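A.B. asks: Structure provided below as structure tokens; questions to follow.
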Amino acid sequence: MQLSLPSELTLAQASACLRSLSASLRGGDYAALVLDGSALVAFDSSALAVLLACQREALSLGKRLRITGLPRRLSDLARLYGILDVLGADTPAS
């Protein structure tokens with residue numbers, strides 16, 4: 001199954017986005033989910049908190065979450081915080 005992140009994911013949208021993504025994780029009969037971040041244009045560190053929470057939820061459900069298409073700035077922020085590997089996100093092309 002594949003889902004997409006919204007174009008804006010800041011503190012103002014984080015709770016609603018997490019609720020939606022969590023429902024999708026819990027509601028499907030599939031072993032893996034791909035979360036596409038290529039639509040993200042406006043974001044802050046709250047986006048990383050949402051992605052970490054989704055990763056934890058997927059693991060607790062015995063599912064695999066793969067994150068693709070993160071903008072370079074968000075990927076760099078995850079690397080700076082030391083969580084890029086934990087997220088399981090694909091590294092953006094140079």
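Chain labels follow the order of the structure tokens: the first chain is A, the next B, and so on; residue numbering restarts at 1 in every chain, and ligands are counted from 1 in their shown order.
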With only C-alpha atoms as the counted atoms, please give the residues lying no more than 12 Å from range 73-75 of chain A, apart from itself and same-chain residues fewer than 4 positions off, as an NGL selection string.
C.D. replies: :A and (9-10 or 37-38 or 40-49 or 51 or 67-69 or 79-94)
A.B. asks: Just to be explicit: take each residue in the selection above, keep C-alpha atoms, and write the result as an mmCIF file, in the first residue's frame.
C.D. replies:
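Writing done, so here's selection-v9.cif:
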```cif
data_model
loop_
_atom_site.group_PDB
_atom_site.id
_atom_site.type_symbol
_atom_site.label_atom_id
_atom_site.label_comp_id
_atom_site.auth_asym_id
_atom_site.auth_seq_id
_atom_site.Cartn_x
_atom_site.Cartn_y
_atom_site.Cartn_z
ATOM 1 C CA LEU A 9 3.404 19.209 7.586
ATOM 2 C CA THR A 10 4.165 21.564 10.460
ATOM 3 C CA GLY A 37 7.085 12.464 1.027
ATOM 4 C CA SER A 38 7.710 13.996 -2.384
ATOM 5 C CA LEU A 40 6.215 18.017 1.079
ATOM 6 C CA VAL A 41 6.978 21.679 0.493
ATOM 7 C CA ALA A 42 6.483 23.302 3.906
ATOM 8 C CA PHE A 43 7.566 21.383 6.986
ATOM 9 C CA ASP A 44 9.325 21.663 10.304
ATOM 10 C CA SER A 45 10.743 19.173 12.788
ATOM 11 C CA SER A 46 7.178 18.087 13.591
ATOM 12 C CA ALA A 47 7.270 16.158 10.326
ATOM 13 C CA LEU A 48 10.074 14.027 11.750
ATOM 14 C CA ALA A 49 8.045 13.376 14.896
ATOM 15 C CA LEU A 51 7.414 9.903 10.716
ATOM 16 C CA ILE A 67 9.651 6.252 3.493
ATOM 17 C CA THR A 68 10.473 7.605 0.049
ATOM 18 C CA GLY A 69 10.753 10.982 -1.620
ATOM 19 C CA ARG A 79 20.511 13.018 9.586
ATOM 20 C CA LEU A 80 21.452 15.913 11.880
ATOM 21 C CA TYR A 81 19.185 14.505 14.605
ATOM 22 C CA GLY A 82 20.672 11.037 14.052
ATOM 23 C CA ILE A 83 17.364 9.435 13.081
ATOM 24 C CA LEU A 84 17.609 8.956 9.311
ATOM 25 C CA ASP A 85 18.451 5.263 9.683
ATOM 26 C CA VAL A 86 15.746 4.776 12.315
ATOM 27 C CA LEU A 87 13.178 6.216 9.927
ATOM 28 C CA GLY A 88 14.147 3.762 7.227
ATOM 29 C CA ALA A 89 13.943 6.562 4.697
ATOM 30 C CA ASP A 90 15.487 6.422 1.265
ATOM 31 C CA THR A 91 18.300 8.935 0.936
ATOM 32 C CA PRO A 92 17.495 11.624 -1.642
ATOM 33 C CA ALA A 93 19.644 11.712 -4.756
ATOM 34 C CA SER A 94 22.425 14.280 -4.739
#
```
A.B. asks: Where does range 40-91 of chain A meet range 15-26 of chain A within 9 Å, residue by residue, with the nearest atom pair and distance in Å to one decimal for each, counting only C-alpha atoms, listed by chain and rising number, as CSV?
C.D. replies:
```
residue,atom,partner,partner_atom,distance
A:Val50,CA,A:Leu18,CA,5.8
A:Leu51,CA,A:Leu18,CA,8.3
A:Ala53,CA,A:Leu18,CA,7.7
A:Cys54,CA,A:Ser22,CA,6.6
A:Glu57,CA,A:Ser22,CA,7.1
A:Ala58,CA,A:Leu25,CA,6.6
A:Leu61,CA,A:Arg26,CA,7.5
A:Lys63,CA,A:Leu25,CA,8.2
```
A.B. asks: Please return, as a PyMOL selection string, all residues of range 4-79 of chain A that DSSP assigns to strand (DSSP E or B) on the basis of the backbone.
C.D. replies: chain A and resi 4+8-9+32-36+42-43+64-68
A.B. asks: Using only C-alpha atoms, please write the residues we just selected to a file, as a PDB file, in the first residue's frame.
C.D. replies:
```pdb
ATOM      1  CA  SER A   4       1.485  10.315   0.432  1.00  0.00           C
ATOM      2  CA  GLU A   8       2.492  21.016   4.396  1.00  0.00           C
ATOM      3  CA  LEU A   9       3.404  19.209   7.586  1.00  0.00           C
ATOM      4  CA  ALA A  32       4.339  -3.180   4.102  1.00  0.00           C
ATOM      5  CA  LEU A  33       3.462   0.443   3.536  1.00  0.00           C
ATOM      6  CA  VAL A  34       5.295   2.979   1.402  1.00  0.00           C
ATOM      7  CA  LEU A  35       4.988   6.558   2.585  1.00  0.00           C
ATOM      8  CA  ASP A  36       5.821   9.079  -0.145  1.00  0.00           C
ATOM      9  CA  ALA A  42       6.483  23.302   3.906  1.00  0.00           C
ATOM     10  CA  PHE A  43       7.566  21.383   6.986  1.00  0.00           C
ATOM     11  CA  ARG A  64       7.260  -2.574   7.470  1.00  0.00           C
ATOM     12  CA  LEU A  65       7.211   1.143   6.684  1.00  0.00           C
ATOM     13  CA  ARG A  66       9.377   2.496   3.886  1.00  0.00           C
ATOM     14  CA  ILE A  67       9.651   6.252   3.493  1.00  0.00           C
ATOM     15  CA  THR A  68      10.473   7.605   0.049  1.00  0.00           C
TER      16      THR A  68
END
```
A.B. asks: Would you work out the distance separating CA of Pro6 in chain A from CA of Leu77 in chain A, expressed in Å to one decimal?
C.D. replies: 18.2 Å
A.B. asks: Name the residues of chain A that fall into alpha helix (DSSP H) according to DSSP on the backbone, using the chain letters and numbers of this document, as a ChimeraX atom specification.
C.D. replies: /A:11-27,45-60,72-81,84-87
A.B. asks: Residues as selected, N, CA and C atoms, written as a compact mmCIF listing (two decimals), in the first residue's frame, can you do that?
C.D. replies:
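Printed below is result35.txt as written:
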```txt
# COMPACT_ATOMS: atom_id res chain seq x y z
N LEU A 11 3.76 21.85 12.81
CA LEU A 11 3.11 21.57 14.09
C LEU A 11 1.60 21.69 13.99
N ALA A 12 1.12 22.63 13.19
CA ALA A 12 -0.32 22.85 13.04
C ALA A 12 -1.04 21.65 12.43
N GLN A 13 -0.37 20.88 11.57
CA GLN A 13 -1.01 19.74 10.90
C GLN A 13 -0.57 18.39 11.47
N ALA A 14 0.39 18.37 12.35
CA ALA A 14 1.01 17.12 12.78
C ALA A 14 0.03 16.13 13.41
N SER A 15 -0.80 16.58 14.33
CA SER A 15 -1.73 15.66 15.01
C SER A 15 -2.72 15.03 14.04
N ALA A 16 -3.31 15.85 13.18
CA ALA A 16 -4.29 15.33 12.22
C ALA A 16 -3.63 14.38 11.23
N CYS A 17 -2.44 14.73 10.78
CA CYS A 17 -1.73 13.87 9.83
C CYS A 17 -1.38 12.53 10.48
N LEU A 18 -0.92 12.57 11.71
CA LEU A 18 -0.57 11.34 12.42
C LEU A 18 -1.80 10.46 12.63
N ARG A 19 -2.91 11.06 13.00
CA ARG A 19 -4.15 10.27 13.17
C ARG A 19 -4.53 9.57 11.87
N SER A 20 -4.44 10.29 10.78
CA SER A 20 -4.79 9.73 9.47
C SER A 20 -3.85 8.58 9.08
N LEU A 21 -2.56 8.81 9.24
CA LEU A 21 -1.58 7.79 8.88
C LEU A 21 -1.71 6.56 9.79
N SER A 22 -1.94 6.79 11.07
CA SER A 22 -2.11 5.67 12.01
C SER A 22 -3.32 4.83 11.66
N ALA A 23 -4.40 5.49 11.29
CA ALA A 23 -5.60 4.75 10.88
C ALA A 23 -5.32 3.90 9.65
N SER A 24 -4.56 4.43 8.72
CA SER A 24 -4.20 3.66 7.52
C SER A 24 -3.32 2.47 7.87
N LEU A 25 -2.39 2.67 8.79
CA LEU A 25 -1.53 1.58 9.22
C LEU A 25 -2.32 0.47 9.89
N ARG A 26 -3.25 0.85 10.74
CA ARG A 26 -4.05 -0.13 11.47
C ARG A 26 -5.12 -0.78 10.61
N GLY A 27 -5.60 -0.06 9.60
CA GLY A 27 -6.76 -0.52 8.86
C GLY A 27 -6.49 -1.46 7.71
N SER A 45 10.32 20.40 12.12
CA SER A 45 10.74 19.17 12.79
C SER A 45 9.56 18.32 13.24
N SER A 46 8.37 18.88 13.27
CA SER A 46 7.18 18.09 13.59
C SER A 46 6.97 16.97 12.58
N ALA A 47 7.38 17.20 11.35
CA ALA A 47 7.27 16.16 10.33
C ALA A 47 8.09 14.93 10.72
N LEU A 48 9.25 15.15 11.31
CA LEU A 48 10.07 14.03 11.75
C LEU A 48 9.40 13.28 12.90
N ALA A 49 8.76 14.02 13.79
CA ALA A 49 8.05 13.38 14.90
C ALA A 49 6.91 12.50 14.36
N VAL A 50 6.22 12.97 13.34
CA VAL A 50 5.14 12.19 12.73
C VAL A 50 5.71 10.93 12.10
N LEU A 51 6.80 11.06 11.37
CA LEU A 51 7.41 9.90 10.72
C LEU A 51 7.93 8.88 11.73
N LEU A 52 8.52 9.36 12.82
CA LEU A 52 8.97 8.44 13.87
C LEU A 52 7.80 7.70 14.51
N ALA A 53 6.73 8.42 14.77
CA ALA A 53 5.55 7.79 15.37
C ALA A 53 4.96 6.75 14.42
N CYS A 54 4.93 7.04 13.14
CA CYS A 54 4.44 6.07 12.16
C CYS A 54 5.33 4.83 12.12
N GLN A 55 6.64 5.04 12.18
CA GLN A 55 7.56 3.92 12.17
C GLN A 55 7.36 3.03 13.40
N ARG A 56 7.18 3.66 14.57
CA ARG A 56 6.91 2.90 15.80
C ARG A 56 5.62 2.11 15.69
N GLU A 57 4.59 2.76 15.18
CA GLU A 57 3.29 2.09 15.03
C GLU A 57 3.39 0.91 14.08
N ALA A 58 4.05 1.12 12.96
CA ALA A 58 4.22 0.03 11.99
C ALA A 58 4.93 -1.16 12.64
N LEU A 59 6.01 -0.89 13.36
CA LEU A 59 6.74 -1.96 14.02
C LEU A 59 5.87 -2.68 15.05
N SER A 60 5.08 -1.93 15.79
CA SER A 60 4.22 -2.55 16.81
C SER A 60 3.14 -3.44 16.18
N ARG A 72 15.26 16.99 0.38
CA ARG A 72 16.65 16.98 0.86
C ARG A 72 16.78 17.67 2.22
N ARG A 73 16.10 18.80 2.42
CA ARG A 73 16.22 19.52 3.70
C ARG A 73 15.68 18.69 4.86
N LEU A 74 14.61 17.96 4.65
CA LEU A 74 14.06 17.13 5.73
C LEU A 74 14.96 15.93 5.99
N SER A 75 15.48 15.36 4.95
CA SER A 75 16.43 14.27 5.09
C SER A 75 17.69 14.73 5.83
N ASP A 76 18.17 15.92 5.49
CA ASP A 76 19.34 16.47 6.19
C ASP A 76 19.03 16.71 7.67
N LEU A 77 17.84 17.18 7.96
CA LEU A 77 17.44 17.40 9.35
C LEU A 77 17.39 16.08 10.11
N ALA A 78 16.86 15.05 9.49
CA ALA A 78 16.81 13.72 10.12
C ALA A 78 18.23 13.20 10.36
N ARG A 79 19.12 13.44 9.42
CA ARG A 79 20.51 13.02 9.59
C ARG A 79 21.16 13.78 10.74
N LEU A 80 20.91 15.09 10.81
CA LEU A 80 21.45 15.91 11.88
C LEU A 80 21.00 15.42 13.25
N TYR A 81 19.73 15.02 13.35
CA TYR A 81 19.18 14.51 14.60
C TYR A 81 19.58 13.05 14.87
N LEU A 84 17.89 9.33 10.70
CA LEU A 84 17.61 8.96 9.31
C LEU A 84 17.53 7.44 9.15
N ASP A 85 18.47 6.72 9.76
CA ASP A 85 18.45 5.26 9.68
C ASP A 85 17.26 4.67 10.42
N VAL A 86 16.89 5.26 11.54
CA VAL A 86 15.75 4.78 12.32
C VAL A 86 14.46 4.91 11.50
N LEU A 87 14.37 6.00 10.75
CA LEU A 87 13.18 6.22 9.93
C LEU A 87 13.06 5.19 8.79
```
